[in-house]
Amino acid sequence: MNPPIRLYMSMSLDGFIAGPDDHAGQELGRDGGRLFNWMDDRMSDGPNGQVFREAMATGAVISGRRTFELAGRWQGDHHDGVPILVLTHRVDDGDVPPGSARFVTDVADCAAQARAAAGGRAVMVHGAGAAQALLRAGLLDEMEIHLVPVLLGGGRRLFGSPGPGHVELDLVRRLEGRDVTHLRYRIHHR
């Protein structure tokens, strides 16, 4: 089996990945930073540190265009110089992404390039749009949801409508960290 293409996403209990009014300068929306308090323990030996180290051991990143832009294009390096494939609807002439990033307009091509570039390691997915596109195409293998015990009450949802029909998931791991429950699901492909 190929190493997985895995979504890593912090989410409120009511399904939001950013608070209301997310934009440049307020990338996580109002109160959205609360979703990342668990990362204060990212250097620990506990579950939060374990999950963070696993994410940083991935061999490539697939990002949605909006996430890429709101993150300041990560200055071309998400972590350790791994390739960043930005799934986008269009590429403007003269828009050259920095560092190890490149734009890809086809979801299947994006997944194939990411798997090839990852060197046998897992592929990290960032962004709701990219996750939804990969899920609809049957190319998202797993989801690592960092479930935070808060109700944001509004903002950007991870899944508005994942597509036609329902999607079956198997819980393959649950880790309790300070201020978060890390849930890893394997996706059943039809």
# chains A, B, ... in the order shown; residues from 1 in each chain; ligands from 1
$ residues_around --residues "region 164-176 of chain A" --least-positions-apart "6" --cutoff "9 Å" --atoms "only C-alpha atoms" --output "CSV table (one decimal) with all heavy atoms, in the first residue's frame"
chain,number,residue,atom,x,y,z
A,47,PRO,N,1.2,12.9,23.9
A,47,PRO,CA,0.4,12.8,22.6
A,47,PRO,C,0.5,14.0,21.7
A,47,PRO,O,0.6,13.8,20.5
A,47,PRO,CB,-1.0,12.5,23.1
A,47,PRO,CG,-0.9,12.0,24.5
A,47,PRO,CD,0.3,12.7,25.0
A,48,ASN,N,0.5,15.2,22.2
A,48,ASN,CA,0.5,16.3,21.3
A,48,ASN,C,1.9,16.4,20.6
A,48,ASN,O,1.9,16.7,19.4
A,48,ASN,CB,0.2,17.6,22.1
A,48,ASN,CG,-1.2,17.7,22.6
A,48,ASN,OD1,-2.0,16.9,22.2
A,48,ASN,ND2,-1.5,18.7,23.5
A,51,VAL,N,2.0,13.6,17.8
A,51,VAL,CA,1.2,13.9,16.6
A,51,VAL,C,2.0,15.0,15.8
A,51,VAL,O,2.0,14.9,14.6
A,51,VAL,CB,-0.2,14.4,17.0
A,51,VAL,CG1,-0.9,15.0,15.8
A,51,VAL,CG2,-1.0,13.2,17.6
A,135,LEU,N,-11.1,14.2,-1.3
A,135,LEU,CA,-12.2,13.2,-0.8
A,135,LEU,C,-13.1,12.9,-1.9
A,135,LEU,O,-13.4,11.7,-2.2
A,135,LEU,CB,-12.9,13.8,0.4
A,135,LEU,CG,-13.9,12.9,1.1
A,135,LEU,CD1,-13.3,11.7,1.6
A,135,LEU,CD2,-14.6,13.7,2.2
A,136,ARG,N,-13.6,13.9,-2.7
A,136,ARG,CA,-14.6,13.7,-3.8
A,136,ARG,C,-13.9,12.8,-4.9
A,136,ARG,O,-14.6,12.0,-5.5
A,136,ARG,CB,-15.0,15.0,-4.4
A,136,ARG,CG,-16.1,15.7,-3.6
A,136,ARG,CD,-16.7,16.9,-4.4
A,136,ARG,NE,-15.7,17.9,-4.7
A,136,ARG,CZ,-15.3,18.9,-4.0
A,136,ARG,NH1,-15.8,19.1,-2.8
A,136,ARG,NH2,-14.4,19.8,-4.4
A,142,GLU,N,-6.7,9.2,4.7
A,142,GLU,CA,-6.9,9.3,6.1
A,142,GLU,C,-7.2,10.7,6.5
A,142,GLU,O,-6.8,11.7,5.8
A,142,GLU,CB,-5.7,8.8,6.9
A,142,GLU,CG,-5.4,7.3,6.7
A,142,GLU,CD,-4.2,6.8,7.5
A,142,GLU,OE1,-3.4,7.7,8.0
A,142,GLU,OE2,-4.0,5.6,7.5
A,144,GLU,N,-6.6,13.0,10.1
A,144,GLU,CA,-6.2,13.2,11.5
A,144,GLU,C,-6.8,14.5,12.0
A,144,GLU,O,-6.4,15.6,11.6
A,144,GLU,CB,-4.7,13.3,11.6
A,144,GLU,CG,-4.1,13.5,13.0
A,144,GLU,CD,-3.8,12.2,13.7
A,144,GLU,OE1,-3.5,11.2,13.0
A,144,GLU,OE2,-3.8,12.2,14.9
A,182,HIS,N,-6.9,13.7,19.5
A,182,HIS,CA,-6.4,13.4,18.2
A,182,HIS,C,-7.1,12.2,17.7
A,182,HIS,O,-7.0,11.1,18.3
A,182,HIS,CB,-4.9,13.2,18.2
A,182,HIS,CG,-4.2,14.4,18.7
A,182,HIS,ND1,-4.0,15.6,18.0
A,182,HIS,CD2,-3.6,14.6,19.9
A,182,HIS,CE1,-3.3,16.4,18.8
A,182,HIS,NE2,-3.0,15.8,19.9
A,183,LEU,N,-7.9,12.3,16.6
A,183,LEU,CA,-8.7,11.2,16.0
A,183,LEU,C,-8.2,10.9,14.6
A,183,LEU,O,-8.2,11.8,13.8
A,183,LEU,CB,-10.2,11.5,16.0
A,183,LEU,CG,-10.8,11.9,17.4
A,183,LEU,CD1,-12.1,12.5,17.2
A,183,LEU,CD2,-10.9,10.6,18.2
A,184,ARG,N,-7.7,9.7,14.4
A,184,ARG,CA,-7.3,9.3,13.0
A,184,ARG,C,-8.3,8.4,12.5
A,184,ARG,O,-8.6,7.4,13.1
A,184,ARG,CB,-5.9,8.7,13.0
A,184,ARG,CG,-5.5,8.4,11.6
A,184,ARG,CD,-4.1,7.8,11.5
A,184,ARG,NE,-3.1,8.9,11.8
A,184,ARG,CZ,-1.8,8.7,12.0
A,184,ARG,NH1,-1.3,7.5,11.9
A,184,ARG,NH2,-1.0,9.7,12.3
A,185,TYR,N,-8.8,8.7,11.3
A,185,TYR,CA,-9.8,7.9,10.6
A,185,TYR,C,-9.2,7.4,9.3
A,185,TYR,O,-8.6,8.2,8.5
A,185,TYR,CB,-11.1,8.7,10.3
A,185,TYR,CG,-11.8,9.1,11.5
A,185,TYR,CD1,-11.6,10.4,12.1
A,185,TYR,CD2,-12.7,8.3,12.1
A,185,TYR,CE1,-12.3,10.8,13.2
A,185,TYR,CE2,-13.5,8.7,13.2
A,185,TYR,CZ,-13.2,9.9,13.8
A,185,TYR,OH,-14.0,10.3,14.9
A,186,ARG,N,-9.5,6.2,8.9
A,186,ARG,CA,-9.2,5.7,7.6
A,186,ARG,C,-10.5,5.8,6.8
A,186,ARG,O,-11.6,5.5,7.3
A,186,ARG,CB,-8.8,4.2,7.6
A,186,ARG,CG,-8.4,3.7,6.2
A,186,ARG,CD,-7.7,2.3,6.3
A,186,ARG,NE,-6.5,2.4,7.2
A,186,ARG,CZ,-6.3,1.7,8.3
A,186,ARG,NH1,-7.3,0.9,8.7
A,186,ARG,NH2,-5.2,1.8,9.0
A,187,ILE,N,-10.4,6.3,5.5
A,187,ILE,CA,-11.6,6.5,4.7
A,187,ILE,C,-11.9,5.3,3.8
A,187,ILE,O,-11.0,4.7,3.2
A,187,ILE,CB,-11.3,7.8,3.8
A,187,ILE,CG1,-11.1,9.0,4.7
A,187,ILE,CG2,-12.5,8.0,2.8
A,187,ILE,CD1,-10.5,10.2,4.0
A,188,HIS,N,-13.1,4.9,3.8
A,188,HIS,CA,-13.6,3.8,2.9
A,188,HIS,C,-13.8,4.4,1.6
A,188,HIS,O,-14.6,5.3,1.4
A,188,HIS,CB,-14.9,3.2,3.4
A,188,HIS,CG,-14.7,2.3,4.6
A,188,HIS,ND1,-14.6,0.9,4.5
A,188,HIS,CD2,-14.6,2.6,5.9
A,188,HIS,CE1,-14.5,0.4,5.7
A,188,HIS,NE2,-14.5,1.4,6.6
A,189,HIS,N,-13.2,3.9,0.6
A,189,HIS,CA,-13.4,4.4,-0.8
A,189,HIS,C,-14.4,3.5,-1.5
A,189,HIS,O,-14.4,2.3,-1.3
A,189,HIS,CB,-12.1,4.4,-1.6
A,189,HIS,CG,-11.1,5.4,-1.0
A,189,HIS,ND1,-11.3,6.8,-1.1
A,189,HIS,CD2,-9.9,5.2,-0.3
A,189,HIS,CE1,-10.3,7.4,-0.5
A,189,HIS,NE2,-9.5,6.5,0.0
A,190,ARG,N,-15.3,4.1,-2.2
A,190,ARG,CA,-16.4,3.3,-2.8
A,190,ARG,C,-15.9,2.6,-4.1
A,190,ARG,O,-15.0,3.0,-4.8
A,190,ARG,CB,-17.5,4.2,-3.2
A,190,ARG,CG,-18.2,4.7,-2.0
A,190,ARG,CD,-19.3,5.7,-2.4
A,190,ARG,NE,-19.2,6.9,-1.5
A,190,ARG,CZ,-19.9,7.9,-1.6
A,190,ARG,NH1,-20.8,8.1,-2.5
A,190,ARG,NH2,-19.8,8.9,-0.7
$ residues_around --residues "Gly72 (chain A)" --least-positions-apart "5" --cutoff "12 Å" --atoms "only C-alpha atoms" --output "list in words"
His23, Ala24, Gly25, Gln26, Glu27, Arg65, Arg66, Thr67, Asp77, His78, Pro97 and Pro98 of chain A
$ write_last_selection --atoms "N, CA and C atoms" --output "PDB file, in the first residue's frame"
ATOM      1  N   HIS A  23      -9.157  36.223   7.270  1.00  0.00           N
ATOM      2  CA  HIS A  23      -8.576  36.962   6.146  1.00  0.00           C
ATOM      3  C   HIS A  23      -7.112  37.247   6.473  1.00  0.00           C
ATOM      4  N   ALA A  24      -6.386  37.782   5.510  1.00  0.00           N
ATOM      5  CA  ALA A  24      -4.986  38.149   5.743  1.00  0.00           C
ATOM      6  C   ALA A  24      -4.921  39.102   6.927  1.00  0.00           C
ATOM      7  N   GLY A  25      -4.044  38.804   7.849  1.00  0.00           N
ATOM      8  CA  GLY A  25      -3.935  39.592   9.072  1.00  0.00           C
ATOM      9  C   GLY A  25      -4.749  39.010  10.211  1.00  0.00           C
ATOM     10  N   GLN A  26      -5.740  38.212   9.891  1.00  0.00           N
ATOM     11  CA  GLN A  26      -6.549  37.493  10.876  1.00  0.00           C
ATOM     12  C   GLN A  26      -6.836  36.110  10.275  1.00  0.00           C
ATOM     13  N   GLU A  27      -5.738  35.386  10.022  1.00  0.00           N
ATOM     14  CA  GLU A  27      -5.790  34.148   9.246  1.00  0.00           C
ATOM     15  C   GLU A  27      -6.681  33.075   9.852  1.00  0.00           C
ATOM     16  N   ARG A  65      -5.255  26.511  -2.307  1.00  0.00           N
ATOM     17  CA  ARG A  65      -4.695  27.827  -2.649  1.00  0.00           C
ATOM     18  C   ARG A  65      -4.986  28.862  -1.565  1.00  0.00           C
ATOM     19  N   ARG A  66      -6.197  28.870  -1.040  1.00  0.00           N
ATOM     20  CA  ARG A  66      -6.552  29.851  -0.016  1.00  0.00           C
ATOM     21  C   ARG A  66      -5.697  29.678   1.230  1.00  0.00           C
ATOM     22  N   THR A  67      -5.511  28.446   1.678  1.00  0.00           N
ATOM     23  CA  THR A  67      -4.675  28.160   2.837  1.00  0.00           C
ATOM     24  C   THR A  67      -3.242  28.607   2.584  1.00  0.00           C
ATOM     25  N   ASP A  77       8.610  27.175   2.269  1.00  0.00           N
ATOM     26  CA  ASP A  77       9.091  26.002   3.001  1.00  0.00           C
ATOM     27  C   ASP A  77       8.163  25.693   4.157  1.00  0.00           C
ATOM     28  N   HIS A  78       7.299  24.705   3.991  1.00  0.00           N
ATOM     29  CA  HIS A  78       6.400  24.312   5.081  1.00  0.00           C
ATOM     30  C   HIS A  78       7.181  23.650   6.196  1.00  0.00           C
ATOM     31  N   PRO A  97       5.363  30.429  -7.427  1.00  0.00           N
ATOM     32  CA  PRO A  97       5.386  30.218  -5.981  1.00  0.00           C
ATOM     33  C   PRO A  97       6.830  30.076  -5.487  1.00  0.00           C
ATOM     34  N   PRO A  98       7.082  30.452  -4.239  1.00  0.00           N
ATOM     35  CA  PRO A  98       8.446  30.421  -3.720  1.00  0.00           C
ATOM     36  C   PRO A  98       8.903  29.020  -3.314  1.00  0.00           C
TER      37      PRO A  98
END
$ select_by_dssp --residues "region 16-153 of chain A" --states "strand (DSSP E or B)" --output "list in words"
Phe16, Ile17, Ala18, His23, Gln26, Ala60, Val61, Ile62, Ser63, Gly64, Ile84, Leu85, Val86, Leu87, Ala101, Arg102, Phe103, Val104, Val123, Met124, Val125, His126, Glu142, Met143, Glu144, Ile145, His146, Leu147 and Val148 of chain A
$ select_by_dssp --residues "region 99-171 of chain A" --states "alpha helix (DSSP H)" --output "list of chain:residue names"
A:Val107, A:Ala108, A:Asp109, A:Cys110, A:Ala111, A:Ala112, A:Gln113, A:Ala114, A:Arg115, A:Ala116, A:Ala117, A:Ala128, A:Gly129, A:Ala130, A:Ala131, A:Gln132, A:Ala133, A:Leu134, A:Leu135, A:Arg136
$ write_last_selection --atoms "C-alpha atoms" --output "PDB file, in the first residue's frame"
ATOM      1  CA  VAL A 107      -6.578  16.886  -8.282  1.00  0.00           C
ATOM      2  CA  ALA A 108      -5.438  13.443  -9.516  1.00  0.00           C
ATOM      3  CA  ASP A 109      -2.209  14.885 -10.888  1.00  0.00           C
ATOM      4  CA  CYS A 110      -1.651  16.720  -7.605  1.00  0.00           C
ATOM      5  CA  ALA A 111      -2.076  13.515  -5.566  1.00  0.00           C
ATOM      6  CA  ALA A 112       0.213  11.554  -7.905  1.00  0.00           C
ATOM      7  CA  GLN A 113       2.927  14.211  -7.788  1.00  0.00           C
ATOM      8  CA  ALA A 114       2.694  14.417  -4.000  1.00  0.00           C
ATOM      9  CA  ARG A 115       2.979  10.638  -3.548  1.00  0.00           C
ATOM     10  CA  ALA A 116       5.979  10.501  -5.893  1.00  0.00           C
ATOM     11  CA  ALA A 117       7.667  13.441  -4.180  1.00  0.00           C
ATOM     12  CA  ALA A 128     -10.709  22.462   3.591  1.00  0.00           C
ATOM     13  CA  GLY A 129     -10.933  22.977  -0.173  1.00  0.00           C
ATOM     14  CA  ALA A 130      -8.030  20.640  -0.935  1.00  0.00           C
ATOM     15  CA  ALA A 131      -9.373  18.028   1.505  1.00  0.00           C
ATOM     16  CA  GLN A 132     -12.835  18.142  -0.044  1.00  0.00           C
ATOM     17  CA  ALA A 133     -11.457  17.882  -3.599  1.00  0.00           C
ATOM     18  CA  LEU A 134      -9.276  14.900  -2.678  1.00  0.00           C
ATOM     19  CA  LEU A 135     -12.159  13.235  -0.821  1.00  0.00           C
ATOM     20  CA  ARG A 136     -14.551  13.669  -3.780  1.00  0.00           C
TER      21      ARG A 136
END
$ closest_residue --among "A:Arg178, A:His146, A:Arg157, A:Arg34" --to "Tyr8 (chain A)" --atoms "only C-alpha atoms"
A:His146
$ closest_residue --among "A:Leu158, A:Val180, A:Val123, A:Ala137" --to "Pro4 (chain A)" --atoms "only C-alpha atoms"
A:Val123
$ closest_residue --among "A:Val148, A:Val91, A:Ala118, A:Ile84" --to "Ala57 (chain A)" --atoms "only C-alpha atoms"
A:Ala118
$ closest_residue --among "A:Val82, A:Met43, A:Met124, A:Leu87" --to "Leu140 (chain A)" --atoms "only C-alpha atoms"
A:Met124
$ closest_residue --among "A:Phe103, A:Ile5, A:Gly46, A:Gly177" --to "Gly76 (chain A)" --atoms "only C-alpha atoms"
A:Phe103
$ closest_residue --among "A:Ala122, A:Ala101, A:Ala71, A:Leu147" --to "Met9 (chain A)" --atoms "only C-alpha atoms"
A:Leu147
$ atom_distance --atom1 "CA of Gly127 (chain A)" --atom2 "CA of Ser44 (chain A)"
25.5 Å
$ atom_distance --atom1 "CA of Ser10 (chain A)" --atom2 "CA of Gly153 (chain A)"
15.2 Å
$ residues_around --residues "Gly29 (chain A)" --least-positions-apart "4" --cutoff "10 Å" --atoms "only C-alpha atoms" --output "JSON, numbers by chain"
{"A": [17, 18, 19, 20, 21, 22, 23, 24, 25, 33, 154, 155, 156]}
$ atom_distance --atom1 "CA of Leu35 (chain A)" --atom2 "CA of Met11 (chain A)"
6.4 Å
$ decode --residues "region 24-39 of chain A" --atoms "N, CA and C atoms" --output "PDB file, in the first residue's frame"
ATOM      1  N   ALA A  24      -6.386  37.782   5.510  1.00  0.00           N
ATOM      2  CA  ALA A  24      -4.986  38.149   5.743  1.00  0.00           C
ATOM      3  C   ALA A  24      -4.921  39.102   6.927  1.00  0.00           C
ATOM      4  N   GLY A  25      -4.044  38.804   7.849  1.00  0.00           N
ATOM      5  CA  GLY A  25      -3.935  39.592   9.072  1.00  0.00           C
ATOM      6  C   GLY A  25      -4.749  39.010  10.211  1.00  0.00           C
ATOM      7  N   GLN A  26      -5.740  38.212   9.891  1.00  0.00           N
ATOM      8  CA  GLN A  26      -6.549  37.493  10.876  1.00  0.00           C
ATOM      9  C   GLN A  26      -6.836  36.110  10.275  1.00  0.00           C
ATOM     10  N   GLU A  27      -5.738  35.386  10.022  1.00  0.00           N
ATOM     11  CA  GLU A  27      -5.790  34.148   9.246  1.00  0.00           C
ATOM     12  C   GLU A  27      -6.681  33.075   9.852  1.00  0.00           C
ATOM     13  N   LEU A  28      -6.786  33.029  11.153  1.00  0.00           N
ATOM     14  CA  LEU A  28      -7.599  32.003  11.808  1.00  0.00           C
ATOM     15  C   LEU A  28      -8.982  32.505  12.199  1.00  0.00           C
ATOM     16  N   GLY A  29      -9.322  33.721  11.777  1.00  0.00           N
ATOM     17  CA  GLY A  29     -10.610  34.301  12.122  1.00  0.00           C
ATOM     18  C   GLY A  29     -10.662  34.699  13.584  1.00  0.00           C
ATOM     19  N   ARG A  30     -11.781  35.280  13.974  1.00  0.00           N
ATOM     20  CA  ARG A  30     -11.952  35.659  15.379  1.00  0.00           C
ATOM     21  C   ARG A  30     -12.025  34.401  16.246  1.00  0.00           C
ATOM     22  N   ASP A  31     -11.203  34.352  17.242  1.00  0.00           N
ATOM     23  CA  ASP A  31     -11.132  33.250  18.215  1.00  0.00           C
ATOM     24  C   ASP A  31     -10.637  31.932  17.626  1.00  0.00           C
ATOM     25  N   GLY A  32     -10.243  31.904  16.359  1.00  0.00           N
ATOM     26  CA  GLY A  32      -9.777  30.666  15.736  1.00  0.00           C
ATOM     27  C   GLY A  32      -8.451  30.163  16.266  1.00  0.00           C
ATOM     28  N   GLY A  33      -7.652  31.058  16.831  1.00  0.00           N
ATOM     29  CA  GLY A  33      -6.377  30.631  17.406  1.00  0.00           C
ATOM     30  C   GLY A  33      -6.562  29.628  18.524  1.00  0.00           C
ATOM     31  N   ARG A  34      -7.742  29.632  19.131  1.00  0.00           N
ATOM     32  CA  ARG A  34      -8.062  28.674  20.203  1.00  0.00           C
ATOM     33  C   ARG A  34      -7.894  27.231  19.732  1.00  0.00           C
ATOM     34  N   LEU A  35      -8.054  26.997  18.451  1.00  0.00           N
ATOM     35  CA  LEU A  35      -7.946  25.639  17.914  1.00  0.00           C
ATOM     36  C   LEU A  35      -6.519  25.096  17.949  1.00  0.00           C
ATOM     37  N   PHE A  36      -5.567  25.960  18.215  1.00  0.00           N
ATOM     38  CA  PHE A  36      -4.162  25.545  18.167  1.00  0.00           C
ATOM     39  C   PHE A  36      -3.461  25.645  19.513  1.00  0.00           C
ATOM     40  N   ASN A  37      -4.207  25.842  20.596  1.00  0.00           N
ATOM     41  CA  ASN A  37      -3.594  25.867  21.930  1.00  0.00           C
ATOM     42  C   ASN A  37      -2.830  24.580  22.217  1.00  0.00           C
ATOM     43  N   TRP A  38      -3.316  23.464  21.694  1.00  0.00           N
ATOM     44  CA  TRP A  38      -2.667  22.180  21.943  1.00  0.00           C
ATOM     45  C   TRP A  38      -1.227  22.167  21.430  1.00  0.00           C
ATOM     46  N   MET A  39      -0.932  23.011  20.461  1.00  0.00           N
ATOM     47  CA  MET A  39       0.420  23.024  19.902  1.00  0.00           C
ATOM     48  C   MET A  39       1.443  23.630  20.866  1.00  0.00           C
TER      49      MET A  39
END
